[in-house]
Amino acid sequence: MDGRSEYTPGAAFGADVRKDGEKWTLVLVRELRHPPERVWEALTEPEHLRQWSPFDSDRSLAAVGTARLTTVGAPTPHVTESQVTRADAPKVLEFTWGGQDVRWELQPLGKGTRLTLWAQIARGWISMGAAGWHVCLDVLDRLLAGQPIGRIVGPDAMKVEDWPRLNAEYAKQFGVEPPSWPPGAGKR
């Protein structure tokens, strides 16, 4: 069996929501066993993003400027012109994706990294976004550990064993109803 078929996400953890009226920001924190320089490369370089991220990039995100980000697993091709507004290696990466702000912060933690993600997500999709990023960050951690299991995003993430449980746990934690779209998500 490969690692992907054996993958099951753990319990919802390390997440918070910052609310400013209708503007909601998901905050996810993970402690990775890998140094900030390796994590930074995985967050910014197209060949690494293709292995774990919910989007592909037409260029390195390690420099300020325009990048074209293509959402993976969208029903139709979804390409957005994004702006990298801050690229302070290996500490802070800020950019827009689909009109929403995304910020990654990397802090040294022993020999590893405390990785914090701030991602604006519409209130109705906040639990699904948290569950999706949870899966992505699990895949990233395994990739950095030299045990890649392949990108699991979009509809593929919703097919992961225990996706409905993970989505429901985040919804309960945030005090929202989990989205019911697409019908039958998580069922095999």
# chains A, B, ... in the order shown; residues from 1 in each chain; ligands from 1

$ select_by_dssp --residues "range 15-128 of chain A" --states "strand (DSSP E or B)" --output "number ranges by chain"
A: 15-20, 23-32, 55-57, 65-71, 78-88, 92-97, 100-109, 112-120

$ residues_around --residues "range 123-128 of chain A" --least-positions-apart "4" --cutoff "12 Å" --atoms "only C-alpha atoms" --output "count of residues only"
49

$ residues_around --residues "range 40-57 of chain A" --least-positions-apart "5" --cutoff "6 Å" --atoms "only C-alpha atoms" --output "list of chain:residue names"
A:Ala62, A:Arg68, A:Leu69, A:Thr70, A:Thr71, A:Val72, A:Pro90, A:Cys136, A:Val139, A:Leu140, A:Gly150, A:Arg151, A:Val153

$ decode --residues "range 44-60 of chain A" --atoms "N, CA and C atoms" --output "JSON list (two decimals), in the first residue's frame"
[["chain", "number", "residue", "atom", "x", "y", "z"],
["A", 44, "THR", "N", 7.13, 28.38, -1.74],
["A", 44, "THR", "CA", 7.35, 29.37, -2.79],
["A", 44, "THR", "C", 7.70, 28.80, -4.17],
["A", 45, "GLU", "N", 8.28, 27.62, -4.23],
["A", 45, "GLU", "CA", 8.78, 27.12, -5.51],
["A", 45, "GLU", "C", 7.75, 26.24, -6.23],
["A", 46, "PRO", "N", 7.49, 26.55, -7.51],
["A", 46, "PRO", "CA", 6.45, 25.82, -8.25],
["A", 46, "PRO", "C", 6.58, 24.31, -8.20],
["A", 47, "GLU", "N", 7.80, 23.77, -8.30],
["A", 47, "GLU", "CA", 7.96, 22.31, -8.31],
["A", 47, "GLU", "C", 7.58, 21.70, -6.96],
["A", 48, "HIS", "N", 7.69, 22.46, -5.89],
["A", 48, "HIS", "CA", 7.26, 21.97, -4.58],
["A", 48, "HIS", "C", 5.76, 22.18, -4.38],
["A", 49, "LEU", "N", 5.24, 23.33, -4.79],
["A", 49, "LEU", "CA", 3.81, 23.61, -4.67],
["A", 49, "LEU", "C", 2.99, 22.53, -5.37],
["A", 50, "ARG", "N", 3.48, 22.05, -6.52],
["A", 50, "ARG", "CA", 2.76, 21.02, -7.28],
["A", 50, "ARG", "C", 2.61, 19.71, -6.51],
["A", 51, "GLN", "N", 3.32, 19.55, -5.43],
["A", 51, "GLN", "CA", 3.27, 18.30, -4.68],
["A", 51, "GLN", "C", 2.36, 18.36, -3.46],
["A", 52, "TRP", "N", 1.88, 19.56, -3.07],
["A", 52, "TRP", "CA", 1.06, 19.62, -1.86],
["A", 52, "TRP", "C", 0.00, 20.73, -1.85],
["A", 53, "SER", "N", 0.18, 21.78, -2.61],
["A", 53, "SER", "CA", -0.65, 22.99, -2.52],
["A", 53, "SER", "C", -1.94, 22.89, -3.34],
["A", 54, "PRO", "N", -2.98, 23.65, -2.94],
["A", 54, "PRO", "CA", -4.23, 23.65, -3.71],
["A", 54, "PRO", "C", -4.15, 24.48, -4.99],
["A", 55, "PHE", "N", -2.97, 25.04, -5.28],
["A", 55, "PHE", "CA", -2.79, 25.81, -6.52],
["A", 55, "PHE", "C", -1.40, 25.57, -7.08],
["A", 56, "ASP", "N", -1.28, 25.80, -8.39],
["A", 56, "ASP", "CA", 0.00, 25.82, -9.07],
["A", 56, "ASP", "C", 0.35, 27.27, -9.33],
["A", 57, "SER", "N", 1.64, 27.56, -9.43],
["A", 57, "SER", "CA", 2.09, 28.92, -9.73],
["A", 57, "SER", "C", 2.96, 28.90, -10.97],
["A", 58, "ASP", "N", 2.85, 29.97, -11.77],
["A", 58, "ASP", "CA", 3.66, 30.06, -12.98],
["A", 58, "ASP", "C", 5.07, 30.57, -12.70],
["A", 59, "ARG", "N", 5.36, 30.90, -11.43],
["A", 59, "ARG", "CA", 6.70, 31.37, -11.08],
["A", 59, "ARG", "C", 6.93, 31.19, -9.59],
["A", 60, "SER", "N", 8.16, 31.39, -9.17],
["A", 60, "SER", "CA", 8.47, 31.35, -7.74],
["A", 60, "SER", "C", 7.72, 32.47, -7.03]]
